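The next block holds one structure in the form of structure tokens; read it before the comments.
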2 protein chains.
Amino acid sequence: MITSPPLSVEWVGGLDGLVRLIDQTKLPTELVFIECRDTDTIWHAIKRLSVRGAPAIGITAAMGAVLGVRDHADEVRDSLLNRLDTVCDYLATSRPTAVNLFWALDRMRRFARTMVESDVAAIKQGLLDEAKRIRDEDAAMSRAIGAHGQFLIKDGSGVLTHCNAGALATAELGTALAPMYVAHEAGREFRVFADETRPLLQGSRLTAWELSRAGIDVTLLCDGMAAALMREGRIDLVITGADRIAANGDVANKIGTYSVAVIAKAHGVPFYVAAPTSTFDLDTPTGAAIPIEQRDPEEIRRGFGPATAPPDVACYCPAFDVTPAELIRGIITDKGVIEPVSVETVAAAMRSAAN
Amino acid sequence: MITSPPLSVEWVGGLDGLVRLIDQTKLPTELVFIECRDTDTIWHAIKRLSVRGAPAIGITAAMGAVLGVRDHADEVRDSLLNRLDTVCDYLATSRPTAVNLFWALDRMRRFARTMVESDVAAIKQGLLDEAKRIRDEDAAMSRAIGAHGQFLIKDGSGVLTHCNAGALATAELGTALAPMYVAHEAGREFRVFADETRPLLQGSRLTAWELSRAGIDVTLLCDGMAAALMREGRIDLVITGADRIAANGDVANKIGTYSVAVIAKAHGVPFYVAAPTSTFDLDTPTGAAIPIEQRDPEEIRRGFGPATAPPDVACYCPAFDVTPAELIRGIITDKGVIEPVSVETVAAAMRSAAN
């Protein structure tokens, strides 16, 4: 029985090693790895969504930057730094709206420039160490969310989640799924219910796959079925991830999350969000200030191959929705659980996290 | 501009004519008709869901019974009646749980036996007339629901519906969609939002198709998006169909209907059900007494063709859910609108319908 989640991205070997990614486009029917030995393979893997999830993209890009400089022959330090900039600029074009991608690449550039006393070989090794630190910090973040959130999951609990905020989106345990992995490690028996999450089915393709592979009892359902399940009394709590959290605790997350929060409230089921403190954006006062991207209607009209709708029918296809703070029982962060959720409790948590 | 809905089933010509069905398995990409000249073609069309929706199945079966006896050569009356029984028994095996199928076939058998003075030729013509009456009564029922419900739809309204309770499921205008067709005929401009309705996508495949073909402004969305749409203030009312209505007004309908009712309540959006009085089952005291069929998990795991979930993952896949009466603003029937919905108002409406 496999009991640990899969690793979405890992560096294998030393500086002459490779980056191994799960090709998430092949899931859930095949577990195929992509072995990346150069920046170009990394760029395409990010571009074609073989790796997705903000933290996993950031880690992959940082490791891709290492691949782009390690064979740089010139022993002049500035030549290496120029090469690093070129590689990072290129990698940044793979997913133009991915904040973690830019953040990780900037961190790699800045780090190299801090190694003012080092020669080229040392900088190359230092960049690999930094990329691994980005990965390890992310893993520690997941582990901390898991540790803080696991106590919400009792023996016999039914836990509903939406989309995939799991191992596949991060270095190790995910965000929303981290409390489940940690509770599972602790030997508790519970059942996860995974919304399939239309239109892109991250719940059925990814969450159901990674949880069942880790030996966690998971049941898949269509998004419209969650209310009936709650009415049957089978859901004790909901945990979802977050894409951005406003200063008042409003949460932007995958479309459908707000629907789950509304039906959870109607059934007296506590609704939790799990996210690292880096997801909070105190410059955004409320959810109303978060722009909502509209996606391609083809994601609805021909979601998975054949057309399932009239070819030209208009579609409402937002990528995200906003769940207001008053529907959220608590936010599980790497620094602890914010509960209740308000401007004051969020501000206090962020002050304490900064210290 | 086509402004009338398509006919799911019609008898073309005289007694030597044929039954023309829309092959609903080909929608929404192709409008293909099946021309049925014998009972066997009808049986297969029902079996393989080329025709679906309880009223449409009943009408099709009644017409199929006519096809099965019209060429019966024996001029002896009892021989024809025996032949009719054989044909009806056969047709009844096409969809073993379809109540309207049995009802329509029984009505045809009983009708033939009332023609005690008639010869074989007259009985054959009488059966065709009776099958057409079943169809016409269904069309009149839709028209009456449309007439009673149309006033709920104002110029500029946003109307949400779930699944397909439309022309394709009945003889002409449907149940939930009938008020929309009648309001459209009256020249009012409004927008329909159609839930795609996982797992079987009746909303995207059928509702979006028939409404757009009729020139009604329709926008498709995934089931989990309806709450976000309501929060944006774009939905003024919801109208869905019903599979069975209990004596207290609880409504069993396509899975996902209850979810819509809960989020409508949370947003102060009135939730209406449209159904003929024949859908009420006064022997069922409340929704708790309605058995809920569980469907094949493959409908979730490979609902779009290719596998989109791990092959063996457990699924929660009820065919229906129950919406409690307290979430229902009113029930639009062919005899008028029941509002508010309670044991007393349902009983009063049924008494008045019986008179």
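Ordering of the structure tokens sets the chain letters (A, B, ...), residue numbers begin anew at 1 in every chain, and ligands are numbered from 1 in the order given.
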Restrict the calculation to only C-alpha atoms, then for each residue of chain A with any atom at most 9 Å from an atom of chain B give the closest atom pair and their distance in Å to one decimal, rows by chain and rising residue number, as JSON lines.
{"residue": "A:Leu27", "atom": "CA", "partner": "B:Thr308", "partner_atom": "CA", "distance": 8.1}
{"residue": "A:Pro28", "atom": "CA", "partner": "B:Pro310", "partner_atom": "CA", "distance": 5.3}
{"residue": "A:Thr29", "atom": "CA", "partner": "B:Pro310", "partner_atom": "CA", "distance": 6.3}
{"residue": "A:Phe193", "atom": "CA", "partner": "B:Tyr316", "partner_atom": "CA", "distance": 8.7}
{"residue": "A:Glu196", "atom": "CA", "partner": "B:Ile300", "partner_atom": "CA", "distance": 8.4}
{"residue": "A:Thr197", "atom": "CA", "partner": "B:Gly224", "partner_atom": "CA", "distance": 7.6}
{"residue": "A:Arg198", "atom": "CA", "partner": "B:Cys222", "partner_atom": "CA", "distance": 6.3}
{"residue": "A:Pro199", "atom": "CA", "partner": "B:Cys222", "partner_atom": "CA", "distance": 6.7}
{"residue": "A:Leu201", "atom": "CA", "partner": "B:Thr308", "partner_atom": "CA", "distance": 7.4}
{"residue": "A:Gly203", "atom": "CA", "partner": "B:Ala309", "partner_atom": "CA", "distance": 8.5}
{"residue": "A:Ser204", "atom": "CA", "partner": "B:Ala309", "partner_atom": "CA", "distance": 4.7}
{"residue": "A:Arg205", "atom": "CA", "partner": "B:Ala309", "partner_atom": "CA", "distance": 4.9}
{"residue": "A:Leu206", "atom": "CA", "partner": "B:Ala309", "partner_atom": "CA", "distance": 7.9}
{"residue": "A:Ala208", "atom": "CA", "partner": "B:Pro310", "partner_atom": "CA", "distance": 6.9}
{"residue": "A:Trp209", "atom": "CA", "partner": "B:Pro310", "partner_atom": "CA", "distance": 5.8}
{"residue": "A:Ser212", "atom": "CA", "partner": "B:Val313", "partner_atom": "CA", "distance": 7.4}
{"residue": "A:Asp217", "atom": "CA", "partner": "B:Ala314", "partner_atom": "CA", "distance": 8.7}
{"residue": "A:Val218", "atom": "CA", "partner": "B:Ala314", "partner_atom": "CA", "distance": 6.8}
{"residue": "A:Thr219", "atom": "CA", "partner": "B:Ala314", "partner_atom": "CA", "distance": 4.8}
{"residue": "A:Leu220", "atom": "CA", "partner": "B:Cys315", "partner_atom": "CA", "distance": 4.6}
{"residue": "A:Leu221", "atom": "CA", "partner": "B:Tyr316", "partner_atom": "CA", "distance": 5.2}
{"residue": "A:Cys222", "atom": "CA", "partner": "B:Arg198", "partner_atom": "CA", "distance": 6.3}
{"residue": "A:Asp223", "atom": "CA", "partner": "B:Gly224", "partner_atom": "CA", "distance": 5.7}
{"residue": "A:Gly224", "atom": "CA", "partner": "B:Gly256", "partner_atom": "CA", "distance": 4.3}
{"residue": "A:Met225", "atom": "CA", "partner": "B:Gly256", "partner_atom": "CA", "distance": 5.5}
{"residue": "A:Ala226", "atom": "CA", "partner": "B:Ser259", "partner_atom": "CA", "distance": 7.5}
{"residue": "A:Ala227", "atom": "CA", "partner": "B:Ser259", "partner_atom": "CA", "distance": 5.1}
{"residue": "A:Ala228", "atom": "CA", "partner": "B:Asp321", "partner_atom": "CA", "distance": 6.3}
{"residue": "A:Leu229", "atom": "CA", "partner": "B:Tyr316", "partner_atom": "CA", "distance": 8.5}
{"residue": "A:Ile255", "atom": "CA", "partner": "B:Met225", "partner_atom": "CA", "distance": 6.4}
{"residue": "A:Gly256", "atom": "CA", "partner": "B:Gly224", "partner_atom": "CA", "distance": 4.3}
{"residue": "A:Thr257", "atom": "CA", "partner": "B:Gly224", "partner_atom": "CA", "distance": 7.8}
{"residue": "A:Tyr258", "atom": "CA", "partner": "B:Ala228", "partner_atom": "CA", "distance": 6.8}
{"residue": "A:Ser259", "atom": "CA", "partner": "B:Ala227", "partner_atom": "CA", "distance": 5.1}
{"residue": "A:Val260", "atom": "CA", "partner": "B:Gly224", "partner_atom": "CA", "distance": 8.0}
{"residue": "A:Val262", "atom": "CA", "partner": "B:Ile263", "partner_atom": "CA", "distance": 6.4}
{"residue": "A:Ile263", "atom": "CA", "partner": "B:Val262", "partner_atom": "CA", "distance": 6.4}
{"residue": "A:Ala266", "atom": "CA", "partner": "B:Val262", "partner_atom": "CA", "distance": 7.2}
{"residue": "A:Ile300", "atom": "CA", "partner": "B:Cys222", "partner_atom": "CA", "distance": 7.1}
{"residue": "A:Arg301", "atom": "CA", "partner": "B:Ser204", "partner_atom": "CA", "distance": 7.6}
{"residue": "A:Arg302", "atom": "CA", "partner": "B:Phe304", "partner_atom": "CA", "distance": 8.6}
{"residue": "A:Gly303", "atom": "CA", "partner": "B:Phe304", "partner_atom": "CA", "distance": 7.5}
{"residue": "A:Phe304", "atom": "CA", "partner": "B:Phe304", "partner_atom": "CA", "distance": 5.7}
{"residue": "A:Gly305", "atom": "CA", "partner": "B:Phe304", "partner_atom": "CA", "distance": 6.9}
{"residue": "A:Pro306", "atom": "CA", "partner": "B:Phe304", "partner_atom": "CA", "distance": 7.2}
{"residue": "A:Ala307", "atom": "CA", "partner": "B:Thr29", "partner_atom": "CA", "distance": 7.0}
{"residue": "A:Thr308", "atom": "CA", "partner": "B:Arg205", "partner_atom": "CA", "distance": 5.5}
{"residue": "A:Ala309", "atom": "CA", "partner": "B:Ser204", "partner_atom": "CA", "distance": 4.7}
{"residue": "A:Pro310", "atom": "CA", "partner": "B:Pro28", "partner_atom": "CA", "distance": 5.3}
{"residue": "A:Pro311", "atom": "CA", "partner": "B:Thr29", "partner_atom": "CA", "distance": 7.5}
{"residue": "A:Val313", "atom": "CA", "partner": "B:Thr219", "partner_atom": "CA", "distance": 6.6}
{"residue": "A:Ala314", "atom": "CA", "partner": "B:Thr219", "partner_atom": "CA", "distance": 4.8}
{"residue": "A:Cys315", "atom": "CA", "partner": "B:Leu220", "partner_atom": "CA", "distance": 4.6}
{"residue": "A:Tyr316", "atom": "CA", "partner": "B:Leu221", "partner_atom": "CA", "distance": 5.2}
{"residue": "A:Cys317", "atom": "CA", "partner": "B:Leu221", "partner_atom": "CA", "distance": 6.6}
{"residue": "A:Pro318", "atom": "CA", "partner": "B:Met225", "partner_atom": "CA", "distance": 7.9}
{"residue": "A:Asp321", "atom": "CA", "partner": "B:Ala228", "partner_atom": "CA", "distance": 6.3}
{"residue": "A:Val322", "atom": "CA", "partner": "B:Ala228", "partner_atom": "CA", "distance": 7.9}
Check segment 141-343 of chain A with DSSP on the backbone and list each residue it calls strand (DSSP E), as a PyMOL selection string.
chain A and resi 158-161+191-195+218-221+237-240+244-246+251-254+271-274+280-281+314-315+320-323+330-333+336-338
**OP:** Tell me, as an MDAnalysis selection string, which residues lie within 12 Å of Ala121 of chain A, counting only C-alpha atoms; anything in the same chain fewer than 6 positions away does not count.
**Re:** chainID A and resid 15 66 69:77 80 112 115 127:128
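Here atom CA of Thr277 of chain B is placed at a distance of 11.5 Å from atom CA of Asp243 of chain B.
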_What's around segment 99-108 of chain A at 9 Å? Count only C-alpha atoms, leave out sequence neighbours fewer than 6 positions away in its own chain, and write the answer as a PyMOL selection string._
chain A and resi 54-62+65-66+84+88-89+91-92+127+130-131+134
* Can you pull out every residue within 12 Å of Val116 of chain A, counting only C-alpha atoms, but drop anything in the same chain fewer than 3 positions away, and send it as JSON, numbers by chain? => {"A": [77, 78, 81, 110, 111, 112, 113, 119, 120, 122, 123, 126]}
Those same residues, written as a compact mmCIF listing (two decimals), in the first residue's frame with N, CA, C and O atoms?
# COMPACT_ATOMS: atom_id res chain seq x y z
N ARG A 77 32.07 35.37 -14.27
CA ARG A 77 30.88 35.44 -13.43
C ARG A 77 29.73 36.21 -14.12
O ARG A 77 28.58 35.76 -14.14
N ASP A 78 30.05 37.40 -14.69
CA ASP A 78 28.99 38.19 -15.33
C ASP A 78 28.37 37.48 -16.51
O ASP A 78 27.18 37.64 -16.80
N LEU A 81 25.79 35.24 -15.07
CA LEU A 81 24.61 35.97 -14.61
C LEU A 81 23.76 36.44 -15.81
O LEU A 81 22.52 36.41 -15.75
N ARG A 110 18.05 36.99 -7.95
CA ARG A 110 18.55 37.76 -6.81
C ARG A 110 19.56 36.94 -6.01
O ARG A 110 20.59 37.43 -5.57
N PHE A 111 19.25 35.66 -5.86
CA PHE A 111 20.15 34.81 -5.09
C PHE A 111 21.54 34.76 -5.72
O PHE A 111 22.57 34.90 -5.03
N ALA A 112 21.59 34.58 -7.05
CA ALA A 112 22.89 34.49 -7.74
C ALA A 112 23.70 35.75 -7.48
O ALA A 112 24.93 35.69 -7.27
N ARG A 113 23.02 36.90 -7.46
CA ARG A 113 23.73 38.16 -7.27
C ARG A 113 24.20 38.38 -5.83
O ARG A 113 25.04 39.25 -5.57
N ASP A 119 32.87 31.77 -7.27
CA ASP A 119 33.19 31.53 -8.67
C ASP A 119 31.99 30.88 -9.36
O ASP A 119 30.98 30.54 -8.72
N VAL A 120 32.14 30.69 -10.65
CA VAL A 120 31.03 30.19 -11.46
C VAL A 120 30.54 28.83 -10.98
O VAL A 120 29.33 28.58 -10.86
N ALA A 122 30.68 27.54 -8.03
CA ALA A 122 29.97 27.67 -6.74
C ALA A 122 28.59 28.29 -6.94
O ALA A 122 27.62 27.91 -6.27
N ILE A 123 28.52 29.24 -7.88
CA ILE A 123 27.20 29.86 -8.13
C ILE A 123 26.24 28.82 -8.70
O ILE A 123 25.08 28.74 -8.31
N GLY A 126 25.19 26.76 -5.96
CA GLY A 126 24.33 27.59 -5.10
C GLY A 126 22.93 27.72 -5.66
O GLY A 126 21.94 27.69 -4.91
If we count only C-alpha atoms and set the cut-off at 8 Å, which residues sit around segment 342-347 of chain A, ignoring sequence neighbours fewer than 3 positions away in its own chain? Please answer as an MDAnalysis selection string.
chainID A and resid 247:249 325 338:339 350:351
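The smallest atom-to-atom distance between His162 of chain A and any of A:Ile290, A:Ala214, A:Ala242, A:Met230, using only C-alpha atoms, is found for A:Ala242.
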Could you pull the residues within 7 Å of Ala165 of chain B, counting only C-alpha atoms, minus those fewer than 3 positions along the same chain, as a compact mmCIF listing (two decimals) with all heavy atoms, in the first residue's frame?
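The resulting file, part_37.txt, is shown below:
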# COMPACT_ATOMS: atom_id res chain seq x y z
N ALA B 169 -38.61 16.42 -24.42
CA ALA B 169 -39.07 15.42 -23.46
C ALA B 169 -40.57 15.19 -23.55
O ALA B 169 -41.11 14.31 -22.87
CB ALA B 169 -38.70 15.85 -22.04
N GLY B 174 -42.80 21.13 -23.60
CA GLY B 174 -42.13 20.76 -22.36
C GLY B 174 -42.90 21.19 -21.13
O GLY B 174 -44.07 21.57 -21.20
N THR B 175 -42.24 21.10 -19.99
CA THR B 175 -42.86 21.54 -18.74
C THR B 175 -42.11 22.77 -18.22
O THR B 175 -42.61 23.88 -18.32
CB THR B 175 -42.87 20.38 -17.72
OG1 THR B 175 -41.55 19.87 -17.55
CG2 THR B 175 -43.78 19.26 -18.19
N ALA B 176 -40.88 22.59 -17.75
CA ALA B 176 -40.11 23.74 -17.26
C ALA B 176 -39.90 24.78 -18.35
O ALA B 176 -39.87 25.99 -18.09
CB ALA B 176 -38.76 23.28 -16.70
N LEU B 177 -39.73 24.32 -19.59
CA LEU B 177 -39.46 25.28 -20.67
C LEU B 177 -40.73 25.88 -21.27
O LEU B 177 -40.66 26.88 -22.00
CB LEU B 177 -38.62 24.62 -21.78
CG LEU B 177 -37.26 24.05 -21.37
CD1 LEU B 177 -36.42 23.74 -22.61
CD2 LEU B 177 -36.48 24.97 -20.43
N GLY B 241 -38.15 21.07 -13.94
CA GLY B 241 -39.20 20.07 -14.03
C GLY B 241 -39.28 19.24 -12.76
O GLY B 241 -38.69 19.60 -11.73
The distance between atom CA of Thr170 of chain B and atom CA of Pro6 of chain B is 10.4 Å
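You can rank B:Ala274, B:Val87, B:Val12, B:Ala171 by their closest distance to Val51 of chain B using only C-alpha atoms, and at the top of that list sits B:Ala171.
Picture a line from atom CA of Ser50 of chain A to atom CA of Asp23 of chain A; it runs 4.5 Å.
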For the helix (DSSP H, G or I) assignment from backbone DSSP, which residues of segment 9-184 of chain A qualify? Please present them as a PyMOL selection string. chain A and resi 39-47+54-69+77-92+99-114+120-152+167-169+178-184
